>>> print(open('model_17.cif').read())   # mmCIF, N, CA and C atoms and all ligand atoms
data_final
#
loop_
_atom_site.label_atom_id
_atom_site.label_comp_id
_atom_site.auth_asym_id
_atom_site.auth_seq_id
_atom_site.Cartn_x
_atom_site.Cartn_y
_atom_site.Cartn_z
N SER A 14 0.84 -1.22 0.00
CA SER A 14 0.00 0.00 0.00
C SER A 14 0.86 1.26 0.00
N GLU A 15 0.32 2.33 -0.51
CA GLU A 15 1.08 3.54 -0.83
C GLU A 15 0.30 4.76 -0.36
N ARG A 16 1.03 5.87 -0.12
CA ARG A 16 0.37 7.12 0.26
C ARG A 16 0.53 8.17 -0.83
N SER A 17 -0.41 9.13 -0.87
CA SER A 17 -0.28 10.24 -1.80
C SER A 17 -0.79 11.51 -1.15
N LEU A 18 -0.19 12.65 -1.52
CA LEU A 18 -0.70 13.94 -1.06
C LEU A 18 -1.70 14.48 -2.07
N VAL A 19 -2.85 14.88 -1.56
CA VAL A 19 -3.90 15.50 -2.38
C VAL A 19 -4.16 16.89 -1.83
N LEU A 20 -4.33 17.87 -2.71
CA LEU A 20 -4.80 19.19 -2.30
C LEU A 20 -6.08 19.51 -3.03
N VAL A 21 -7.06 20.04 -2.30
CA VAL A 21 -8.15 20.78 -2.95
C VAL A 21 -7.67 22.22 -2.95
N LYS A 22 -7.41 22.73 -4.15
CA LYS A 22 -6.79 24.04 -4.30
C LYS A 22 -7.80 25.15 -3.94
N PRO A 23 -7.32 26.41 -3.84
CA PRO A 23 -8.22 27.49 -3.41
C PRO A 23 -9.51 27.61 -4.24
N ASP A 24 -9.43 27.32 -5.53
CA ASP A 24 -10.66 27.41 -6.35
C ASP A 24 -11.66 26.33 -5.95
N GLY A 25 -11.16 25.14 -5.65
CA GLY A 25 -12.05 24.05 -5.22
C GLY A 25 -12.69 24.34 -3.88
N VAL A 26 -11.91 24.93 -2.96
CA VAL A 26 -12.47 25.27 -1.65
C VAL A 26 -13.51 26.38 -1.79
N SER A 27 -13.16 27.45 -2.54
CA SER A 27 -14.08 28.58 -2.62
C SER A 27 -15.35 28.22 -3.39
N ARG A 28 -15.27 27.26 -4.28
CA ARG A 28 -16.46 26.84 -5.03
C ARG A 28 -17.28 25.77 -4.32
N GLY A 29 -16.83 25.39 -3.14
CA GLY A 29 -17.62 24.43 -2.36
C GLY A 29 -17.53 23.01 -2.86
N LEU A 30 -16.35 22.64 -3.41
CA LEU A 30 -16.20 21.30 -3.98
C LEU A 30 -15.39 20.35 -3.10
N VAL A 31 -15.12 20.75 -1.86
CA VAL A 31 -14.35 19.86 -0.97
C VAL A 31 -15.08 18.54 -0.76
N GLY A 32 -16.36 18.61 -0.45
CA GLY A 32 -17.13 17.39 -0.20
C GLY A 32 -17.17 16.49 -1.43
N GLU A 33 -17.33 17.09 -2.59
CA GLU A 33 -17.35 16.35 -3.86
C GLU A 33 -16.04 15.58 -4.06
N VAL A 34 -14.91 16.26 -3.82
CA VAL A 34 -13.61 15.61 -4.01
C VAL A 34 -13.42 14.48 -3.00
N ILE A 35 -13.73 14.76 -1.74
CA ILE A 35 -13.55 13.73 -0.71
C ILE A 35 -14.48 12.55 -0.99
N SER A 36 -15.68 12.84 -1.44
CA SER A 36 -16.61 11.77 -1.76
C SER A 36 -16.05 10.84 -2.85
N ARG A 37 -15.47 11.44 -3.88
CA ARG A 37 -14.89 10.62 -4.96
C ARG A 37 -13.71 9.79 -4.46
N ILE A 38 -12.87 10.38 -3.59
CA ILE A 38 -11.74 9.64 -3.01
C ILE A 38 -12.26 8.43 -2.21
N GLU A 39 -13.28 8.67 -1.42
CA GLU A 39 -13.82 7.59 -0.58
C GLU A 39 -14.49 6.51 -1.44
N ARG A 40 -15.24 6.94 -2.44
CA ARG A 40 -15.92 5.95 -3.30
C ARG A 40 -14.92 5.12 -4.10
N LYS A 41 -13.77 5.72 -4.46
CA LYS A 41 -12.73 4.97 -5.15
C LYS A 41 -12.16 3.86 -4.27
N GLY A 42 -12.23 4.07 -2.95
CA GLY A 42 -11.70 3.07 -2.02
C GLY A 42 -10.39 3.47 -1.38
N LEU A 43 -9.94 4.70 -1.67
CA LEU A 43 -8.74 5.19 -0.99
C LEU A 43 -9.12 5.58 0.44
N LYS A 44 -8.16 5.37 1.34
CA LYS A 44 -8.40 5.65 2.75
C LYS A 44 -7.85 7.03 3.09
N LEU A 45 -8.58 7.80 3.89
CA LEU A 45 -8.08 9.10 4.35
C LEU A 45 -7.23 8.89 5.58
N VAL A 46 -5.99 9.38 5.55
CA VAL A 46 -5.14 9.24 6.74
C VAL A 46 -4.76 10.59 7.34
N ALA A 47 -5.01 11.70 6.64
CA ALA A 47 -4.82 13.03 7.21
C ALA A 47 -5.69 13.99 6.42
N LEU A 48 -6.16 15.05 7.10
CA LEU A 48 -7.07 16.01 6.46
C LEU A 48 -7.01 17.31 7.22
N GLU A 49 -6.67 18.40 6.50
CA GLU A 49 -6.54 19.69 7.18
C GLU A 49 -6.86 20.85 6.24
N LEU A 50 -7.66 21.80 6.73
CA LEU A 50 -7.87 23.06 6.02
C LEU A 50 -6.78 24.02 6.45
N ARG A 51 -6.04 24.55 5.52
CA ARG A 51 -4.97 25.45 5.94
C ARG A 51 -4.60 26.50 4.89
N ASN A 52 -4.06 27.61 5.38
CA ASN A 52 -3.52 28.63 4.49
C ASN A 52 -2.10 28.26 4.12
N VAL A 53 -1.71 28.53 2.90
CA VAL A 53 -0.40 28.15 2.39
C VAL A 53 0.46 29.40 2.33
N ASP A 54 1.60 29.39 3.03
CA ASP A 54 2.50 30.55 2.92
C ASP A 54 3.43 30.36 1.71
N ARG A 55 4.12 31.44 1.38
CA ARG A 55 4.92 31.44 0.16
C ARG A 55 6.01 30.37 0.20
N SER A 56 6.61 30.18 1.37
CA SER A 56 7.69 29.20 1.49
C SER A 56 7.19 27.78 1.20
N LEU A 57 6.06 27.43 1.77
CA LEU A 57 5.49 26.09 1.50
C LEU A 57 5.14 25.95 0.02
N ALA A 58 4.55 26.99 -0.54
CA ALA A 58 4.16 26.95 -1.96
C ALA A 58 5.39 26.75 -2.85
N GLU A 59 6.46 27.48 -2.56
CA GLU A 59 7.69 27.37 -3.37
C GLU A 59 8.30 25.98 -3.27
N GLN A 60 8.27 25.42 -2.06
CA GLN A 60 8.83 24.08 -1.89
C GLN A 60 7.96 23.03 -2.58
N HIS A 61 6.66 23.20 -2.43
CA HIS A 61 5.73 22.23 -3.04
C HIS A 61 5.90 22.19 -4.56
N TYR A 62 6.00 23.38 -5.18
CA TYR A 62 6.08 23.46 -6.63
C TYR A 62 7.50 23.75 -7.13
N ALA A 63 8.53 23.36 -6.36
CA ALA A 63 9.93 23.66 -6.70
C ALA A 63 10.29 23.21 -8.12
N GLU A 64 9.72 22.09 -8.57
CA GLU A 64 10.08 21.58 -9.90
C GLU A 64 9.66 22.53 -11.02
N HIS A 65 8.75 23.47 -10.71
CA HIS A 65 8.26 24.40 -11.73
C HIS A 65 8.89 25.80 -11.63
N ALA A 66 9.95 25.93 -10.80
CA ALA A 66 10.52 27.26 -10.52
C ALA A 66 10.93 28.04 -11.76
N GLU A 67 11.33 27.34 -12.81
CA GLU A 67 11.80 28.04 -14.03
C GLU A 67 10.68 28.26 -15.05
N ARG A 68 9.48 27.78 -14.77
CA ARG A 68 8.38 27.90 -15.73
C ARG A 68 7.84 29.33 -15.75
N PRO A 69 7.36 29.77 -16.90
CA PRO A 69 6.83 31.14 -17.01
C PRO A 69 5.61 31.38 -16.11
N PHE A 70 4.86 30.30 -15.78
CA PHE A 70 3.65 30.48 -14.98
C PHE A 70 3.91 30.34 -13.48
N PHE A 71 5.19 30.22 -13.08
CA PHE A 71 5.49 29.93 -11.67
C PHE A 71 4.94 31.01 -10.73
N GLY A 72 5.13 32.28 -11.10
CA GLY A 72 4.63 33.38 -10.27
C GLY A 72 3.12 33.33 -10.09
N ASP A 73 2.42 33.11 -11.19
CA ASP A 73 0.96 33.00 -11.13
C ASP A 73 0.53 31.81 -10.27
N LEU A 74 1.28 30.72 -10.41
CA LEU A 74 0.96 29.51 -9.66
C LEU A 74 1.10 29.75 -8.16
N LEU A 75 2.19 30.42 -7.75
CA LEU A 75 2.40 30.71 -6.33
C LEU A 75 1.32 31.64 -5.80
N GLU A 76 1.00 32.66 -6.60
CA GLU A 76 -0.03 33.62 -6.18
C GLU A 76 -1.37 32.90 -5.99
N PHE A 77 -1.68 32.03 -6.93
CA PHE A 77 -2.95 31.30 -6.87
C PHE A 77 -3.02 30.36 -5.66
N ILE A 78 -1.97 29.59 -5.45
CA ILE A 78 -2.04 28.55 -4.41
C ILE A 78 -2.01 29.17 -3.01
N THR A 79 -1.52 30.44 -2.91
CA THR A 79 -1.51 31.14 -1.62
C THR A 79 -2.70 32.10 -1.49
N SER A 80 -3.64 32.07 -2.42
CA SER A 80 -4.70 33.08 -2.46
C SER A 80 -5.85 32.80 -1.48
N GLY A 81 -5.89 31.61 -0.93
CA GLY A 81 -6.96 31.26 0.00
C GLY A 81 -6.68 29.89 0.55
N PRO A 82 -7.48 29.45 1.52
CA PRO A 82 -7.20 28.15 2.13
C PRO A 82 -7.32 26.99 1.14
N VAL A 83 -6.50 25.98 1.38
CA VAL A 83 -6.59 24.71 0.64
C VAL A 83 -6.97 23.62 1.65
N VAL A 84 -7.46 22.52 1.14
CA VAL A 84 -7.62 21.34 1.98
C VAL A 84 -6.55 20.34 1.56
N ALA A 85 -5.69 20.00 2.52
CA ALA A 85 -4.61 19.04 2.27
C ALA A 85 -5.01 17.70 2.86
N LEU A 86 -4.83 16.66 2.07
CA LEU A 86 -5.17 15.31 2.52
C LEU A 86 -4.02 14.35 2.22
N VAL A 87 -3.89 13.35 3.04
CA VAL A 87 -3.07 12.20 2.68
C VAL A 87 -4.02 11.03 2.50
N VAL A 88 -3.90 10.39 1.34
CA VAL A 88 -4.73 9.23 1.05
C VAL A 88 -3.83 8.00 0.93
N GLU A 89 -4.41 6.86 1.21
CA GLU A 89 -3.61 5.63 1.21
C GLU A 89 -4.37 4.50 0.52
N GLY A 90 -3.61 3.69 -0.20
CA GLY A 90 -4.20 2.52 -0.86
C GLY A 90 -3.24 1.99 -1.89
N PRO A 91 -3.57 0.89 -2.55
CA PRO A 91 -2.72 0.37 -3.60
C PRO A 91 -2.59 1.38 -4.75
N ARG A 92 -1.39 1.67 -5.16
CA ARG A 92 -1.13 2.64 -6.25
C ARG A 92 -1.87 3.97 -6.01
N ALA A 93 -1.78 4.47 -4.78
CA ALA A 93 -2.57 5.65 -4.38
C ALA A 93 -2.30 6.87 -5.27
N ALA A 94 -1.04 7.13 -5.62
CA ALA A 94 -0.73 8.32 -6.41
C ALA A 94 -1.39 8.22 -7.79
N ALA A 95 -1.18 7.09 -8.47
CA ALA A 95 -1.78 6.90 -9.80
C ALA A 95 -3.31 6.88 -9.70
N ALA A 96 -3.83 6.27 -8.66
CA ALA A 96 -5.29 6.17 -8.51
C ALA A 96 -5.91 7.54 -8.36
N PHE A 97 -5.29 8.42 -7.56
CA PHE A 97 -5.88 9.76 -7.44
C PHE A 97 -5.68 10.56 -8.72
N ARG A 98 -4.53 10.40 -9.39
CA ARG A 98 -4.33 11.11 -10.67
C ARG A 98 -5.40 10.74 -11.68
N GLN A 99 -5.84 9.47 -11.62
CA GLN A 99 -6.93 9.05 -12.50
C GLN A 99 -8.22 9.79 -12.14
N LEU A 100 -8.50 9.90 -10.84
CA LEU A 100 -9.70 10.64 -10.43
C LEU A 100 -9.62 12.10 -10.83
N ALA A 101 -8.41 12.70 -10.72
CA ALA A 101 -8.24 14.13 -11.00
C ALA A 101 -8.39 14.43 -12.48
N GLY A 102 -7.81 13.59 -13.33
CA GLY A 102 -7.76 13.87 -14.76
C GLY A 102 -6.53 14.67 -15.11
N GLY A 103 -6.27 14.82 -16.41
CA GLY A 103 -5.08 15.53 -16.88
C GLY A 103 -5.09 16.99 -16.49
N THR A 104 -3.89 17.62 -16.58
CA THR A 104 -3.70 18.97 -16.06
C THR A 104 -4.68 19.99 -16.65
N ASP A 105 -4.87 19.96 -17.95
CA ASP A 105 -5.79 20.91 -18.59
C ASP A 105 -7.22 20.33 -18.57
N PRO A 106 -8.11 20.99 -17.87
CA PRO A 106 -9.46 20.43 -17.65
C PRO A 106 -10.25 20.20 -18.94
N VAL A 107 -9.93 20.93 -19.99
CA VAL A 107 -10.69 20.81 -21.23
C VAL A 107 -9.96 19.95 -22.26
N GLU A 108 -8.65 20.17 -22.40
CA GLU A 108 -7.89 19.48 -23.46
C GLU A 108 -7.38 18.11 -23.03
N LYS A 109 -7.16 17.91 -21.72
CA LYS A 109 -6.48 16.70 -21.29
C LYS A 109 -7.27 15.81 -20.31
N ALA A 110 -8.08 16.41 -19.48
CA ALA A 110 -8.76 15.61 -18.45
C ALA A 110 -9.85 14.74 -19.09
N ALA A 111 -9.88 13.47 -18.74
CA ALA A 111 -10.88 12.56 -19.29
C ALA A 111 -12.27 12.92 -18.75
N PRO A 112 -13.29 12.77 -19.59
CA PRO A 112 -14.65 13.00 -19.12
C PRO A 112 -14.93 12.17 -17.87
N GLY A 113 -15.60 12.76 -16.91
CA GLY A 113 -15.89 12.04 -15.68
C GLY A 113 -14.87 12.27 -14.59
N SER A 114 -13.73 12.85 -14.96
CA SER A 114 -12.73 13.16 -13.93
C SER A 114 -13.10 14.47 -13.23
N ILE A 115 -12.46 14.72 -12.09
CA ILE A 115 -12.77 15.93 -11.31
C ILE A 115 -12.50 17.18 -12.15
N ARG A 116 -11.33 17.24 -12.77
CA ARG A 116 -10.98 18.44 -13.54
C ARG A 116 -11.90 18.62 -14.74
N ALA A 117 -12.23 17.54 -15.42
CA ALA A 117 -13.13 17.65 -16.58
C ALA A 117 -14.54 18.05 -16.15
N ASP A 118 -14.99 17.49 -15.05
CA ASP A 118 -16.37 17.76 -14.63
C ASP A 118 -16.56 19.16 -14.07
N PHE A 119 -15.50 19.75 -13.49
CA PHE A 119 -15.69 21.02 -12.78
C PHE A 119 -14.78 22.15 -13.24
N GLY A 120 -13.80 21.89 -14.12
CA GLY A 120 -12.81 22.91 -14.45
C GLY A 120 -12.92 23.43 -15.88
N LEU A 121 -12.34 24.60 -16.08
CA LEU A 121 -12.29 25.22 -17.41
C LEU A 121 -10.89 25.62 -17.82
N GLU A 122 -10.06 26.02 -16.85
CA GLU A 122 -8.77 26.62 -17.18
C GLU A 122 -7.65 25.85 -16.49
N VAL A 123 -6.47 25.82 -17.14
CA VAL A 123 -5.38 24.98 -16.63
C VAL A 123 -4.92 25.42 -15.24
N GLN A 124 -4.91 26.74 -15.00
CA GLN A 124 -4.45 27.17 -13.67
C GLN A 124 -5.47 26.83 -12.59
N PHE A 125 -6.74 26.91 -12.92
CA PHE A 125 -7.81 26.69 -11.94
C PHE A 125 -8.35 25.29 -12.10
N ASN A 126 -7.47 24.32 -11.81
CA ASN A 126 -7.85 22.93 -12.08
C ASN A 126 -8.15 22.14 -10.81
N LEU A 127 -8.47 22.86 -9.74
CA LEU A 127 -9.19 22.33 -8.58
C LEU A 127 -8.43 21.44 -7.61
N VAL A 128 -7.62 20.54 -8.12
CA VAL A 128 -6.96 19.59 -7.23
C VAL A 128 -5.50 19.37 -7.63
N HIS A 129 -4.73 18.95 -6.66
CA HIS A 129 -3.37 18.47 -6.88
C HIS A 129 -3.29 17.03 -6.40
N GLY A 130 -2.52 16.22 -7.10
CA GLY A 130 -2.19 14.90 -6.60
C GLY A 130 -0.74 14.59 -6.92
N SER A 131 -0.02 14.01 -5.98
CA SER A 131 1.38 13.64 -6.21
C SER A 131 1.49 12.84 -7.50
N ASP A 132 2.57 13.09 -8.29
CA ASP A 132 2.65 12.46 -9.61
C ASP A 132 3.40 11.14 -9.64
N SER A 133 3.91 10.68 -8.48
CA SER A 133 4.59 9.39 -8.40
C SER A 133 4.72 9.03 -6.91
N PRO A 134 5.02 7.78 -6.62
CA PRO A 134 5.23 7.41 -5.21
C PRO A 134 6.38 8.20 -4.58
N GLU A 135 7.42 8.51 -5.38
CA GLU A 135 8.57 9.27 -4.87
C GLU A 135 8.16 10.71 -4.55
N SER A 136 7.41 11.35 -5.45
CA SER A 136 6.89 12.69 -5.17
C SER A 136 5.99 12.67 -3.95
N ALA A 137 5.20 11.63 -3.84
CA ALA A 137 4.26 11.53 -2.72
C ALA A 137 5.01 11.51 -1.39
N GLU A 138 6.08 10.75 -1.34
CA GLU A 138 6.85 10.66 -0.10
C GLU A 138 7.40 12.04 0.29
N ARG A 139 7.94 12.74 -0.70
CA ARG A 139 8.48 14.09 -0.44
C ARG A 139 7.36 15.04 0.00
N GLU A 140 6.25 15.00 -0.69
CA GLU A 140 5.16 15.95 -0.42
C GLU A 140 4.46 15.66 0.91
N VAL A 141 4.30 14.40 1.24
CA VAL A 141 3.67 14.07 2.54
C VAL A 141 4.55 14.58 3.67
N LYS A 142 5.86 14.42 3.55
CA LYS A 142 6.80 14.94 4.57
C LYS A 142 6.72 16.45 4.68
N LEU A 143 6.59 17.11 3.51
CA LEU A 143 6.54 18.57 3.49
C LEU A 143 5.27 19.10 4.15
N TRP A 144 4.15 18.49 3.87
CA TRP A 144 2.85 19.01 4.35
C TRP A 144 2.48 18.48 5.73
N PHE A 145 2.89 17.25 6.02
CA PHE A 145 2.53 16.61 7.30
C PHE A 145 3.77 15.98 7.92
N PRO A 146 4.70 16.83 8.41
CA PRO A 146 5.97 16.30 8.93
C PRO A 146 5.81 15.35 10.11
N ASP A 147 4.70 15.43 10.82
CA ASP A 147 4.51 14.58 11.99
C ASP A 147 3.85 13.24 11.68
N LEU A 148 3.48 13.06 10.42
CA LEU A 148 2.73 11.85 10.07
C LEU A 148 3.65 10.63 10.00
P1 LIG A 201 -0.54 19.39 -9.88
O1 LIG A 201 -1.21 18.17 -9.38
O2 LIG A 201 -1.12 20.67 -9.35
O3 LIG A 201 0.97 19.32 -9.72
O4 LIG A 201 -0.89 19.41 -11.45
P2 LIG A 201 -0.26 18.50 -12.58
O5 LIG A 201 0.75 17.56 -12.01
O6 LIG A 201 -1.38 17.93 -13.37
O7 LIG A 201 0.45 19.57 -13.49
P3 LIG A 201 1.94 20.20 -13.35
O8 LIG A 201 2.63 19.63 -12.16
O9 LIG A 201 2.59 20.11 -14.68
O10 LIG A 201 1.61 21.73 -13.09
C1 LIG A 201 1.33 22.18 -11.78
C2 LIG A 201 0.21 23.18 -11.82
O11 LIG A 201 0.63 24.35 -12.47
C3 LIG A 201 -1.03 22.73 -12.60
O12 LIG A 201 -1.92 21.96 -11.86
C4 LIG A 201 -1.64 24.05 -12.99
O13 LIG A 201 -2.42 24.57 -11.90
C5 LIG A 201 -0.44 24.93 -13.19
N1 LIG A 201 -0.07 24.99 -14.60
C6 LIG A 201 0.47 24.01 -15.37
N2 LIG A 201 0.67 24.43 -16.61
C7 LIG A 201 0.27 25.73 -16.64
C8 LIG A 201 0.22 26.73 -17.64
O14 LIG A 201 0.60 26.53 -18.77
N3 LIG A 201 -0.28 27.96 -17.26
C9 LIG A 201 -0.71 28.21 -16.00
N4 LIG A 201 -1.17 29.44 -15.68
N5 LIG A 201 -0.69 27.29 -15.02
C10 LIG A 201 -0.21 26.07 -15.35
MG MG A 202 2.34 18.14 -10.76
#
>>> encode(input="model_17.cif", output="structure tokens", more="lines below")
Ligand code: GTP
Ligand code: MG
Amino acid sequence: SERSLVLVKPDGVSRGLVGEVISRIERKGLKLVALELRNVDRSLAEQHYAEHAERPFFGDLLEFITSGPVVALVVEGPRAAAAFRQLAGGTDPVEKAAPGSIRADFGLEVQFNLVHGSDSPESAEREVKLWFPDL
């Protein structure tokens, strides 16, 4: 069994989609092992998205992810990272996310794509430590 870090991003929280996301995680069969509503400071945002530091959208991404509270979760189950990525859908809600996924069902724009999920078991380990150091 494996763990993954999931975020309901500020757009998902402000649009009232936290319950929807958690419901889909639970129905998939992933187990919730941590859950917290929290504000993200710039340092946490920079560390979380460090791999994108050189991208042209990095500034916008930091501003967005620190713009309001997020819900951070750790989920657990077989192939948890890949399983949640399947629920989330591809990065672009219109061009890439499969119909029926969270991003396809609720999103329109690549920046406002509602959720984050660790992209591999290795990323998950790093991100779980970053967000929930006591876990
Ligand atoms: P995360 O789960 O949030 O990491 O998304 P992802 O793994 O599907 O995509 P990626 O890691 O490549 O990009 C991280 C986040 O940056 C995305 O979820 C988007 O919110 C944002 N992003 C990616 N590409 C673009 C872009 O071209 N423009 C803008 N404005 N934002 C982007
Ligand atoms: Mg990513």
>>> residues_near_ligand(input="model_17.cif", ligand="ligand MG 202 (chain A)", cutoff="8 Å", atoms="all atoms listed in the file", output="PyMOL selection string")
chain A and resi 62+129-133
>>> residues_around(input="model_17.cif", residues="Ile78 in chain A", least_positions_apart="6", cutoff="8 Å", atoms="all atoms listed in the file", output="PDB file with N, CA and C atoms, in the coordinates of the input")
ATOM      1  N   LYS A  22      -7.410  22.730  -4.150  1.00  0.00           N
ATOM      2  CA  LYS A  22      -6.790  24.040  -4.300  1.00  0.00           C
ATOM      3  C   LYS A  22      -7.800  25.150  -3.940  1.00  0.00           C
ATOM      4  N   PRO A  23      -7.320  26.410  -3.840  1.00  0.00           N
ATOM      5  CA  PRO A  23      -8.220  27.490  -3.410  1.00  0.00           C
ATOM      6  C   PRO A  23      -9.510  27.610  -4.240  1.00  0.00           C
ATOM      7  N   ASP A  24      -9.430  27.320  -5.530  1.00  0.00           N
ATOM      8  CA  ASP A  24     -10.660  27.410  -6.350  1.00  0.00           C
ATOM      9  C   ASP A  24     -11.660  26.330  -5.950  1.00  0.00           C
ATOM     10  N   ASN A  52      -4.060  27.610   5.380  1.00  0.00           N
ATOM     11  CA  ASN A  52      -3.520  28.630   4.490  1.00  0.00           C
ATOM     12  C   ASN A  52      -2.100  28.260   4.120  1.00  0.00           C
ATOM     13  N   VAL A  53      -1.710  28.530   2.900  1.00  0.00           N
ATOM     14  CA  VAL A  53      -0.400  28.150   2.390  1.00  0.00           C
ATOM     15  C   VAL A  53       0.460  29.400   2.330  1.00  0.00           C
ATOM     16  N   ASP A  54       1.600  29.390   3.030  1.00  0.00           N
ATOM     17  CA  ASP A  54       2.500  30.550   2.920  1.00  0.00           C
ATOM     18  C   ASP A  54       3.430  30.360   1.710  1.00  0.00           C
ATOM     19  N   ARG A  55       4.120  31.440   1.380  1.00  0.00           N
ATOM     20  CA  ARG A  55       4.920  31.440   0.160  1.00  0.00           C
ATOM     21  C   ARG A  55       6.010  30.370   0.200  1.00  0.00           C
ATOM     22  N   ALA A  58       4.550  26.990  -0.540  1.00  0.00           N
ATOM     23  CA  ALA A  58       4.160  26.950  -1.960  1.00  0.00           C
ATOM     24  C   ALA A  58       5.390  26.750  -2.850  1.00  0.00           C
ATOM     25  N   GLY A  72       5.130  32.280 -11.100  1.00  0.00           N
ATOM     26  CA  GLY A  72       4.630  33.380 -10.270  1.00  0.00           C
ATOM     27  C   GLY A  72       3.120  33.330 -10.090  1.00  0.00           C
TER      28      GLY A  72
END
>>> closest_residue(input="model_17.cif", among="A:Ala96, A:Ile35, A:Asp73, A:Leu86", to="Val123 in chain A", atoms="only C-alpha atoms")
A:Asp73
>>> residues_near_ligand(input="model_17.cif", ligand="ligand LIG 201 (chain A)", cutoff="8 Å", atoms="all atoms listed in the file", output="list of chain:residue names")
A:Val19, A:Leu20, A:His61, A:Tyr62, A:Glu64, A:His65, A:Pro69, A:Phe70, A:Phe71, A:Asp73, A:Leu74, A:Leu75, A:Arg98, A:Ala101, A:Gly102, A:Gly103, A:Thr104, A:Asp105, A:Glu122, A:Val123, A:Gln124, A:Phe125, A:Asn126, A:Leu127, A:Val128, A:His129, A:Gly130, A:Ser131, A:Asp132
>>> atom_distance(input="model_17.cif", atom1="CA of Val31 in chain A", atom2="CA of Pro112 in chain A")
19.4 Å
>>> closest_residue(input="model_17.cif", among="A:Ala94, A:Leu148, A:Val88, A:Leu100", to="Leu45 in chain A", atoms="only N, CA and C atoms")
A:Val88
>>> residues_around(input="model_17.cif", residues="Leu43 in chain A", least_positions_apart="2", cutoff="6.5 Å", atoms="all atoms listed in the file", output="PDB file with N, CA and C atoms, in the coordinates of the input")
ATOM      1  N   ILE A  38     -12.870  10.380  -3.590  1.00  0.00           N
ATOM      2  CA  ILE A  38     -11.740   9.640  -3.010  1.00  0.00           C
ATOM      3  C   ILE A  38     -12.260   8.430  -2.210  1.00  0.00           C
ATOM      4  N   GLU A  39     -13.280   8.670  -1.420  1.00  0.00           N
ATOM      5  CA  GLU A  39     -13.820   7.590  -0.580  1.00  0.00           C
ATOM      6  C   GLU A  39     -14.490   6.510  -1.440  1.00  0.00           C
ATOM      7  N   ARG A  40     -15.240   6.940  -2.440  1.00  0.00           N
ATOM      8  CA  ARG A  40     -15.920   5.950  -3.300  1.00  0.00           C
ATOM      9  C   ARG A  40     -14.920   5.120  -4.100  1.00  0.00           C
ATOM     10  N   LYS A  41     -13.770   5.720  -4.460  1.00  0.00           N
ATOM     11  CA  LYS A  41     -12.730   4.970  -5.150  1.00  0.00           C
ATOM     12  C   LYS A  41     -12.160   3.860  -4.270  1.00  0.00           C
ATOM     13  N   LEU A  45      -8.580   7.800   3.890  1.00  0.00           N
ATOM     14  CA  LEU A  45      -8.080   9.100   4.350  1.00  0.00           C
ATOM     15  C   LEU A  45      -7.230   8.890   5.580  1.00  0.00           C
ATOM     16  N   VAL A  88      -3.900  10.390   1.340  1.00  0.00           N
ATOM     17  CA  VAL A  88      -4.730   9.230   1.050  1.00  0.00           C
ATOM     18  C   VAL A  88      -3.830   8.000   0.930  1.00  0.00           C
ATOM     19  N   GLU A  89      -4.410   6.860   1.210  1.00  0.00           N
ATOM     20  CA  GLU A  89      -3.610   5.630   1.210  1.00  0.00           C
ATOM     21  C   GLU A  89      -4.370   4.500   0.520  1.00  0.00           C
ATOM     22  N   GLY A  90      -3.610   3.690  -0.200  1.00  0.00           N
ATOM     23  CA  GLY A  90      -4.200   2.520  -0.860  1.00  0.00           C
ATOM     24  C   GLY A  90      -3.240   1.990  -1.890  1.00  0.00           C
TER      25      GLY A  90
END
>>> residues_around(input="model_17.cif", residues="range 106-108 of chain A", least_positions_apart="4", cutoff="6 Å", atoms="only C-alpha atoms", output="MDAnalysis selection string")
chainID A and resid 116:117 120:121
>>> write_last_selection(input="model_17.cif", atoms="N, CA and C atoms", output="tab-separated table (two decimals), keeping the file's coordinate frame")
chain	number	residue	atom	x	y	z
A	116	ARG	N	-11.33	17.24	-12.77
A	116	ARG	CA	-10.98	18.44	-13.54
A	116	ARG	C	-11.90	18.62	-14.74
A	117	ALA	N	-12.23	17.54	-15.42
A	117	ALA	CA	-13.13	17.65	-16.58
A	117	ALA	C	-14.54	18.05	-16.15
A	120	GLY	N	-13.80	21.89	-14.12
A	120	GLY	CA	-12.81	22.91	-14.45
A	120	GLY	C	-12.92	23.43	-15.88
A	121	LEU	N	-12.34	24.60	-16.08
A	121	LEU	CA	-12.29	25.22	-17.41
A	121	LEU	C	-10.89	25.62	-17.82
>>> atom_distance(input="model_17.cif", atom1="CA of Leu48 in chain A", atom2="CA of Pro82 in chain A")
12.9 Å
>>> atom_distance(input="model_17.cif", atom1="atom C of Leu57 in chain A", atom2="atom C of Glu33 in chain A")
23.9 Å
>>> closest_residue(input="model_17.cif", among="A:Val83, A:Ala110, A:Val141, A:Ile115", to="Leu50 in chain A", atoms="all atoms listed in the file")
A:Val83
>>> select_by_dssp(input="model_17.cif", residues="chain A", states="helix (DSSP H, G or I)", output="ChimeraX atom specification")
/A:23-27,31-41,55-61,63-65,71-78,93-101,115-119,134-144
>>> closest_residue(input="model_17.cif", among="A:Gln60, A:Gly42, A:Gly29, A:Arg51", to="Leu143 in chain A", atoms="all atoms listed in the file")
A:Gln60
>>> decode(input="model_17.cif", residues="range 53-64 of chain A", atoms="C-alpha atoms", output="PDB file, in the first residue's frame")
ATOM      1  CA  VAL A  53      -0.400  28.148   2.391  1.00  0.00           C
ATOM      2  CA  ASP A  54       2.496  30.547   2.915  1.00  0.00           C
ATOM      3  CA  ARG A  55       4.923  31.439   0.163  1.00  0.00           C
ATOM      4  CA  SER A  56       7.693  29.199   1.492  1.00  0.00           C
ATOM      5  CA  LEU A  57       5.495  26.093   1.505  1.00  0.00           C
ATOM      6  CA  ALA A  58       4.162  26.950  -1.963  1.00  0.00           C
ATOM      7  CA  GLU A  59       7.694  27.369  -3.365  1.00  0.00           C
ATOM      8  CA  GLN A  60       8.833  24.075  -1.893  1.00  0.00           C
ATOM      9  CA  HIS A  61       5.735  22.229  -3.039  1.00  0.00           C
ATOM     10  CA  TYR A  62       6.077  23.457  -6.627  1.00  0.00           C
ATOM     11  CA  ALA A  63       9.926  23.656  -6.703  1.00  0.00           C
ATOM     12  CA  GLU A  64      10.078  21.577  -9.898  1.00  0.00           C
TER      13      GLU A  64
END
